[in-house]
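Shown next: data_5.txt, containing compact mmCIF, C-alpha atoms.
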```
# COMPACT_ATOMS: atom_id res chain seq x y z
CA MET A 210 117.67 106.32 133.88
CA LYS A 211 114.38 105.06 135.29
CA ILE A 212 112.23 107.09 137.66
CA ALA A 213 109.00 105.83 139.21
CA THR A 214 106.31 107.72 141.07
CA TRP A 215 103.96 105.97 143.50
CA ASN A 216 101.50 107.23 146.08
CA VAL A 217 101.78 104.33 148.52
CA ASN A 218 99.11 105.52 150.98
CA SER A 219 101.30 104.72 154.04
CA VAL A 220 104.79 103.39 153.46
CA ARG A 221 104.77 101.31 156.63
CA THR A 222 101.42 99.68 155.84
CA ARG A 223 102.55 98.90 152.31
CA LEU A 224 106.26 98.33 153.01
CA GLU A 225 106.38 94.69 151.91
CA GLN A 226 104.61 95.56 148.67
CA VAL A 227 106.95 98.48 147.99
CA ILE A 228 110.11 96.50 148.73
CA ASN A 229 108.94 93.59 146.59
CA TRP A 230 108.11 95.93 143.72
CA LEU A 231 111.44 97.73 143.98
CA THR A 232 113.29 94.41 144.05
CA GLU A 233 111.54 93.34 140.84
CA ASN A 234 111.75 96.81 139.30
CA PRO A 235 115.11 98.30 140.32
CA VAL A 236 114.49 101.85 139.16
CA ASP A 237 117.12 104.50 139.74
CA VAL A 238 114.80 106.70 141.78
CA LEU A 239 111.48 105.83 143.40
CA CYS A 240 109.40 108.89 144.30
CA LEU A 241 106.89 108.14 147.05
CA GLN A 242 103.92 110.18 148.22
CA GLU A 243 101.60 109.87 151.22
CA THR A 244 104.24 108.13 153.27
CA LYS A 245 102.28 109.12 156.40
CA VAL A 246 105.15 108.77 158.86
CA ILE A 247 107.42 111.14 160.77
CA ASP A 248 111.05 111.09 159.72
CA LYS A 249 112.42 109.20 162.73
CA ASP A 250 110.00 106.32 162.09
CA PHE A 251 110.56 106.03 158.33
CA PRO A 252 111.70 102.47 157.42
CA ASN A 253 115.10 103.57 156.10
CA LEU A 254 116.78 100.24 156.75
CA ALA A 255 114.47 98.29 154.46
CA PHE A 256 115.55 100.47 151.53
CA GLU A 257 119.19 100.66 152.58
CA ASN A 258 119.33 96.86 152.62
CA LEU A 259 118.48 96.98 148.90
CA GLY A 260 121.32 99.43 148.29
CA TYR A 261 119.15 102.56 148.12
CA TYR A 262 119.54 105.96 149.75
CA PRO A 263 116.32 107.35 151.27
CA TYR A 264 115.66 111.09 151.44
CA ILE A 265 112.51 111.88 153.37
CA SER A 266 110.09 114.55 154.51
CA GLY A 267 107.18 113.25 156.52
CA GLN A 268 104.54 113.89 159.11
CA LYS A 269 102.30 111.75 161.24
CA SER A 270 99.22 110.19 159.59
CA TYR A 271 99.11 112.59 156.62
CA ASN A 272 101.05 113.61 153.53
CA GLY A 273 104.79 112.89 153.38
CA VAL A 274 107.15 112.48 150.42
CA ALA A 275 110.38 110.57 149.85
CA LEU A 276 113.07 110.03 147.24
CA ILE A 277 114.57 106.52 147.24
CA SER A 278 117.71 106.63 145.08
CA ARG A 279 120.22 104.00 143.94
CA GLN A 280 123.00 106.57 144.21
CA PRO A 281 123.45 109.56 146.50
CA LEU A 282 121.56 112.68 145.46
CA THR A 283 123.02 116.16 145.61
CA ASP A 284 121.43 119.47 146.55
CA VAL A 285 118.45 117.80 148.23
CA ASN A 286 115.89 120.31 149.44
CA VAL A 287 112.61 119.93 151.26
CA GLY A 288 109.56 122.13 150.85
CA PHE A 289 109.03 125.32 148.92
CA GLY A 290 110.91 127.24 151.60
CA ALA A 291 114.29 125.83 150.60
CA ILE A 292 113.99 127.83 147.37
CA LEU A 293 111.45 130.48 148.39
CA PRO A 294 112.29 131.18 152.05
CA GLU A 295 109.80 134.01 152.31
CA ILE A 296 106.84 131.61 151.99
CA ALA A 297 108.10 128.66 154.04
CA SER A 298 105.91 129.12 157.11
CA ALA A 299 102.76 129.56 155.05
CA TRP A 300 103.07 126.55 152.73
CA ASP A 301 105.47 123.98 154.18
CA GLU A 302 103.61 122.83 157.26
CA GLN A 303 102.21 120.05 155.09
CA LYS A 304 105.03 117.84 153.81
CA ARG A 305 104.44 117.74 150.07
CA VAL A 306 107.67 118.72 148.27
CA ILE A 307 111.13 117.19 148.03
CA SER A 308 113.75 117.42 145.29
CA GLY A 309 117.32 116.42 144.54
CA ILE A 310 119.80 116.08 141.69
CA ILE A 311 121.01 112.86 140.07
CA GLU A 312 123.32 112.87 137.03
CA GLY A 313 122.55 116.53 136.42
CA VAL A 314 118.77 116.03 136.48
CA ARG A 315 116.74 117.68 139.22
CA ILE A 316 113.93 115.41 140.32
CA VAL A 317 110.98 117.19 141.92
CA ASN A 318 108.63 114.88 143.81
CA LEU A 319 105.21 116.35 144.68
CA TYR A 320 102.07 115.45 146.54
CA VAL A 321 99.59 118.06 145.35
CA PRO A 322 96.70 118.80 147.75
CA ASN A 323 93.46 116.98 146.98
CA GLY A 324 91.25 120.01 147.55
CA SER A 325 88.40 118.08 149.21
CA ALA A 326 85.44 119.78 147.48
CA ILE A 327 85.01 122.56 144.95
CA GLY A 328 84.59 125.89 146.71
CA SER A 329 85.92 124.67 150.06
CA ASP A 330 88.81 126.21 151.98
CA LYS A 331 90.93 123.19 150.99
CA TYR A 332 90.08 123.82 147.34
CA GLU A 333 91.29 127.41 147.61
CA TYR A 334 94.43 126.13 149.35
CA LYS A 335 95.05 123.76 146.43
CA LEU A 336 94.78 126.57 143.88
CA GLY A 337 97.10 128.75 145.94
CA TRP A 338 99.56 125.89 146.37
CA LEU A 339 99.75 125.41 142.61
CA LYS A 340 100.55 129.11 142.17
CA ILE A 341 103.43 128.75 144.61
CA LEU A 342 104.57 125.62 142.75
CA LYS A 343 104.91 127.66 139.56
CA GLU A 344 107.02 130.27 141.35
CA TYR A 345 109.14 127.50 142.90
CA LEU A 346 109.78 125.88 139.52
CA GLN A 347 110.57 129.21 137.87
CA THR A 348 113.30 129.69 140.44
CA LEU A 349 114.68 126.16 140.00
CA LEU A 350 114.80 126.60 136.23
CA LEU A 351 117.15 129.55 136.60
CA SER A 352 119.91 127.17 137.70
CA ASN A 353 118.95 123.91 135.95
CA PRO A 354 116.92 123.44 132.74
CA ALA A 355 116.77 119.66 133.24
CA ILE A 356 113.84 119.04 135.60
CA SER A 357 111.85 115.84 135.96
CA MET A 358 108.72 116.62 137.97
CA CYS A 359 106.49 113.81 139.14
CA GLY A 360 104.04 112.75 141.79
CA ASP A 361 100.39 112.56 142.71
CA PHE A 362 98.94 115.72 141.19
CA ASN A 363 95.35 115.00 142.22
CA ILE A 364 94.26 116.43 138.86
CA ALA A 365 93.14 114.66 135.70
CA LEU A 366 94.13 117.25 133.13
CA GLU A 367 91.82 116.04 130.35
CA ASP A 368 88.55 114.12 130.22
CA ILE A 369 90.40 111.26 128.50
CA ASP A 370 92.25 110.79 131.81
CA ILE A 371 89.01 109.69 133.51
CA ASN A 372 86.78 106.72 132.73
CA ASP A 373 83.78 108.07 130.87
CA LYS A 374 81.42 106.26 133.26
CA VAL A 375 82.60 108.48 136.11
CA LYS A 376 80.42 111.55 136.59
CA ILE A 377 82.83 114.47 136.72
CA ASP A 378 80.44 117.43 136.86
CA ASN A 379 81.55 119.53 139.85
CA HIS A 380 84.00 116.76 140.79
CA ILE A 381 87.17 117.59 142.65
CA MET A 382 90.31 116.77 140.60
CA ALA A 383 88.47 117.58 137.36
CA SER A 384 87.28 121.16 137.77
CA GLU A 385 88.33 123.75 135.21
CA LEU A 386 90.05 125.97 137.80
CA GLU A 387 92.25 123.09 138.92
CA ARG A 388 93.08 122.12 135.37
CA GLN A 389 93.91 125.69 134.43
CA ALA A 390 96.12 126.06 137.50
CA LEU A 391 98.08 122.98 136.43
CA ARG A 392 98.26 124.21 132.83
CA ASP A 393 99.75 127.45 134.14
CA VAL A 394 102.47 125.42 135.85
CA LEU A 395 103.13 123.37 132.73
CA SER A 396 103.35 126.53 130.63
CA LEU A 397 106.89 126.91 131.96
CA GLY A 398 107.80 124.31 129.35
CA PHE A 399 106.87 120.97 130.89
CA GLY A 400 105.58 118.12 128.72
CA ASP A 401 103.51 115.11 129.77
CA ALA A 402 105.82 112.11 129.36
CA PHE A 403 103.01 109.54 129.30
CA ARG A 404 101.17 111.29 126.49
CA LYS A 405 104.35 111.39 124.41
CA PHE A 406 103.93 107.63 123.97
CA ASN A 407 100.26 106.88 124.59
CA ASN A 408 97.25 108.93 123.50
CA ALA A 409 94.67 106.27 124.31
CA GLY A 410 92.02 106.42 126.98
CA GLU A 411 91.48 103.87 129.76
CA ASN A 412 94.98 104.34 131.14
CA TYR A 413 94.67 105.11 134.83
CA SER A 414 96.87 105.33 137.92
CA TRP A 415 94.24 105.70 140.67
CA TRP A 416 91.01 103.87 141.45
CA ASP A 417 88.75 104.73 144.38
CA TYR A 418 88.55 101.99 147.00
CA ARG A 419 84.77 102.33 146.89
CA THR A 420 82.26 100.97 144.37
CA ALA A 421 84.64 98.23 143.13
CA ALA A 422 86.27 100.91 140.99
CA PHE A 423 89.39 98.91 140.13
CA LYS A 424 87.44 95.82 139.11
CA ARG A 425 85.28 98.02 136.88
CA ASN A 426 88.26 100.12 135.74
CA LEU A 427 86.57 103.32 136.88
CA GLY A 428 89.93 105.01 137.14
CA TRP A 429 91.67 108.34 136.88
CA ARG A 430 95.13 109.26 135.58
CA ILE A 431 96.31 111.68 138.24
CA ASP A 432 99.91 110.49 138.80
CA HIS A 433 102.16 112.18 136.27
CA HIS A 434 105.70 112.69 135.00
CA TYR A 435 106.29 116.14 133.51
CA LEU A 436 109.59 116.99 131.79
CA THR A 437 111.36 120.10 130.63
CA PRO A 438 112.14 120.13 126.87
CA THR A 439 115.65 118.64 127.00
CA LEU A 440 114.43 115.67 129.04
CA TYR A 441 111.18 115.32 127.10
CA GLU A 442 113.20 114.76 123.95
CA ARG A 443 115.30 112.13 125.74
CA ALA A 444 112.29 110.24 127.14
CA GLN A 445 112.11 106.66 125.84
CA SER A 446 109.03 105.33 127.61
CA CYS A 447 106.46 106.07 130.28
CA THR A 448 104.24 103.25 131.51
CA ILE A 449 101.68 102.48 134.21
CA ASP A 450 102.17 99.25 136.15
CA ILE A 451 98.73 98.14 137.38
CA GLU A 452 99.98 94.91 139.00
CA PRO A 453 100.43 96.36 142.53
CA ARG A 454 96.80 97.51 142.50
CA LYS A 455 95.74 93.85 142.21
CA LEU A 456 97.33 92.90 145.54
CA VAL A 457 95.52 92.38 148.83
CA GLN A 458 95.15 95.70 150.69
CA PRO A 459 96.95 97.73 148.02
CA SER A 460 97.42 101.44 147.74
CA ASP A 461 94.64 103.04 145.72
CA HIS A 462 97.40 104.31 143.37
CA THR A 463 99.84 102.31 141.26
CA PRO A 464 103.37 103.08 140.01
CA VAL A 465 104.09 105.11 136.88
CA ILE A 466 107.57 104.52 135.42
CA LEU A 467 109.55 106.92 133.23
CA GLU A 468 112.70 106.02 131.31
CA PHE A 469 115.04 108.40 129.51
```
Would you mind writing the file out in structure tokens?
Amino acid sequence: MKIATWNVNSVRTRLEQVINWLTENPVDVLCLQETKVIDKDFPNLAFENLGYYPYISGQKSYNGVALISRQPLTDVNVGFGAILPEIASAWDEQKRVISGIIEGVRIVNLYVPNGSAIGSDKYEYKLGWLKILKEYLQTLLLSNPAISMCGDFNIALEDIDINDKVKIDNHIMASELERQALRDVLSLGFGDAFRKFNNAGENYSWWDYRTAAFKRNLGWRIDHHYLTPTLYERAQSCTIDIEPRKLVQPSDHTPVILEF
């Protein structure tokens, strides 16, 4: 099975690029973030014409997640509230969570809040959101130990995940509180699939549009696949495809592909 995660930074703006990539890389499930479109305007037909089934949760101009699957998914749920109904109104206004089951594996696709700036209200929201994520995953694990969690986490967990020319002091996505919040989530038993196969630096999935960051490789690895132990053992590869970032008007992120 192959699963890819890709923050496309507007699925309609980047639709041709996404369809071309999916045609050349027919993964079993493509997990999209920042689709930036309400559900009725999502380009379902473009994916259906390739033989895929889209499952979507979107909003206008911001956020939005989707699962694009080669076979129908079961038990698809949207938001934290599908599993934790008591918190739905507080945390699901922003469309950031969707999950479903394929061949016994629950895929959880996430768009973690950016946090804006350390100490801001959005930063506190991010930390709170990650606490809810841990509770959400704890509940999912009660019924299924095979979870493949992926998405744009907006956190580089280690300094090696950031080009050493980038100044990260007091930088959002690299603060210790964010990293610790993500470690708390991963303490449920999740392993980093990419680091199972590659412990080298200068492997990135996001480059700022500004300062010619991609040309200079001033990147960050913030798009991740995390696996529960049974799936981690089955993982065969996890790679970053930088080719889409070379296109004209690309997303600032690029796909990360997991195979197990």
In terms of the shortest atom-to-atom distance over all atoms listed in the file, which of A:Gly400, A:Gly273, A:Gly267, A:Gly313 is closest to Cys359 of chain A?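 Using all atoms listed in the file, the shortest distance to Cys359 of chain A belongs to A:Gly400.
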Find the residue from A:Ser396, A:Asn426, A:Gln268, A:Asn412 that sits nearest to Cys447 of chain A; use only C-alpha atoms when measuring.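 Among A:Ser396, A:Asn426, A:Gln268, A:Asn412, it is A:Asn412 that comes nearest to Cys447 of chain A.
Nearest-residue note for Ala355 of chain A: choosing from A:Ile466, A:Val314, A:Ala402, A:Ile292, the minimum distance belongs to A:Val314, counting all atoms listed in the file.
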For Leu342 of chain A, which residue among A:Asp393, A:Asp237, A:Glu367, A:Asp248 is the nearest when counting all atoms listed in the file?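 Looking only at the distances to Leu342 of chain A, the closest residue turns out to be A:Asp393.
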Do you have the atom CA of Ser357 of chain A-atom CA of Leu440 of chain A distance handy?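 Going from atom CA of Ser357 of chain A over to atom CA of Leu440 of chain A covers 7.4 Å.
Closest to Arg279 of chain A among A:Gln458, A:Asn258, A:Asn218, A:Gln389 is A:Asn258, based on only C-alpha atoms.
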Kindly indicate which residue among A:Ile371, A:Ile431, A:Val321, A:Leu336 lies nearest to Ala390 of chain A, using all atoms listed in the file for the distances. A:Leu336
Exercise: Val287 of chain A partners within 8 Å, all atoms listed in the file, chain neighbours under 5 positions left out, as an MDAnalysis selection string: chainID A and resid 266 306:308
Find the spatial neighbours of Thr437 of chain A, counting only C-alpha atoms, within a cut-off of 12 Å - ignore same-chain residues fewer than 6 positions away - and output them as a ChimeraX atom specification. /A:314-317,346-347,349-350,353-359,394-402,443-444
Could you write those residues out with C-alpha atoms, as a PDB file, in the coordinates of the input?
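Saved as again-v7.pdb:
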```pdb
ATOM      1  CA  VAL A 314     118.770 116.030 136.480  1.00  0.00           C
ATOM      2  CA  ARG A 315     116.740 117.680 139.220  1.00  0.00           C
ATOM      3  CA  ILE A 316     113.930 115.410 140.320  1.00  0.00           C
ATOM      4  CA  VAL A 317     110.980 117.190 141.920  1.00  0.00           C
ATOM      5  CA  LEU A 346     109.780 125.880 139.520  1.00  0.00           C
ATOM      6  CA  GLN A 347     110.570 129.210 137.870  1.00  0.00           C
ATOM      7  CA  LEU A 349     114.680 126.160 140.000  1.00  0.00           C
ATOM      8  CA  LEU A 350     114.800 126.600 136.230  1.00  0.00           C
ATOM      9  CA  ASN A 353     118.950 123.910 135.950  1.00  0.00           C
ATOM     10  CA  PRO A 354     116.920 123.440 132.740  1.00  0.00           C
ATOM     11  CA  ALA A 355     116.770 119.660 133.240  1.00  0.00           C
ATOM     12  CA  ILE A 356     113.840 119.040 135.600  1.00  0.00           C
ATOM     13  CA  SER A 357     111.850 115.840 135.960  1.00  0.00           C
ATOM     14  CA  MET A 358     108.720 116.620 137.970  1.00  0.00           C
ATOM     15  CA  CYS A 359     106.490 113.810 139.140  1.00  0.00           C
ATOM     16  CA  VAL A 394     102.470 125.420 135.850  1.00  0.00           C
ATOM     17  CA  LEU A 395     103.130 123.370 132.730  1.00  0.00           C
ATOM     18  CA  SER A 396     103.350 126.530 130.630  1.00  0.00           C
ATOM     19  CA  LEU A 397     106.890 126.910 131.960  1.00  0.00           C
ATOM     20  CA  GLY A 398     107.800 124.310 129.350  1.00  0.00           C
ATOM     21  CA  PHE A 399     106.870 120.970 130.890  1.00  0.00           C
ATOM     22  CA  GLY A 400     105.580 118.120 128.720  1.00  0.00           C
ATOM     23  CA  ASP A 401     103.510 115.110 129.770  1.00  0.00           C
ATOM     24  CA  ALA A 402     105.820 112.110 129.360  1.00  0.00           C
ATOM     25  CA  ARG A 443     115.300 112.130 125.740  1.00  0.00           C
ATOM     26  CA  ALA A 444     112.290 110.240 127.140  1.00  0.00           C
TER      27      ALA A 444
END
```
Quick one: residues within 12 Å of Asp378 of chain A, all atoms listed in the file, excluding same-chain residues fewer than 6 positions away - as a PyMOL selection string? chain A and resi 326-327+368+384-385
Distance of atom CA of Ile212 of chain A from atom CA of Glu312 of chain A, expressed in Å to one decimal place: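 Distance reported for this atom pair: 12.5 Å.
The spacing separating atom CA of Tyr441 of chain A from atom CA of Arg392 of chain A amounts to 16.7 Å.
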All residues 12 Å or closer to Glu295 of chain A, only C-alpha atoms, same chain fewer than 5 positions away omitted, as a list in words: Gly288, Phe289, Gly290, Trp300, Asp301, Ile341, Glu344 and Tyr345 of chain A
Residues at most 9 Å from Met210 of chain A, counting only C-alpha atoms, excluding those fewer than 2 positions away in the same chain, as a compact mmCIF listing (two decimals) with C-alpha atoms, in the frame of the given file?
```
# COMPACT_ATOMS: atom_id res chain seq x y z
CA ILE A 212 112.23 107.09 137.66
CA VAL A 236 114.49 101.85 139.16
CA ASP A 237 117.12 104.50 139.74
CA VAL A 238 114.80 106.70 141.78
CA LEU A 467 109.55 106.92 133.23
CA GLU A 468 112.70 106.02 131.31
CA PHE A 469 115.04 108.40 129.51
```
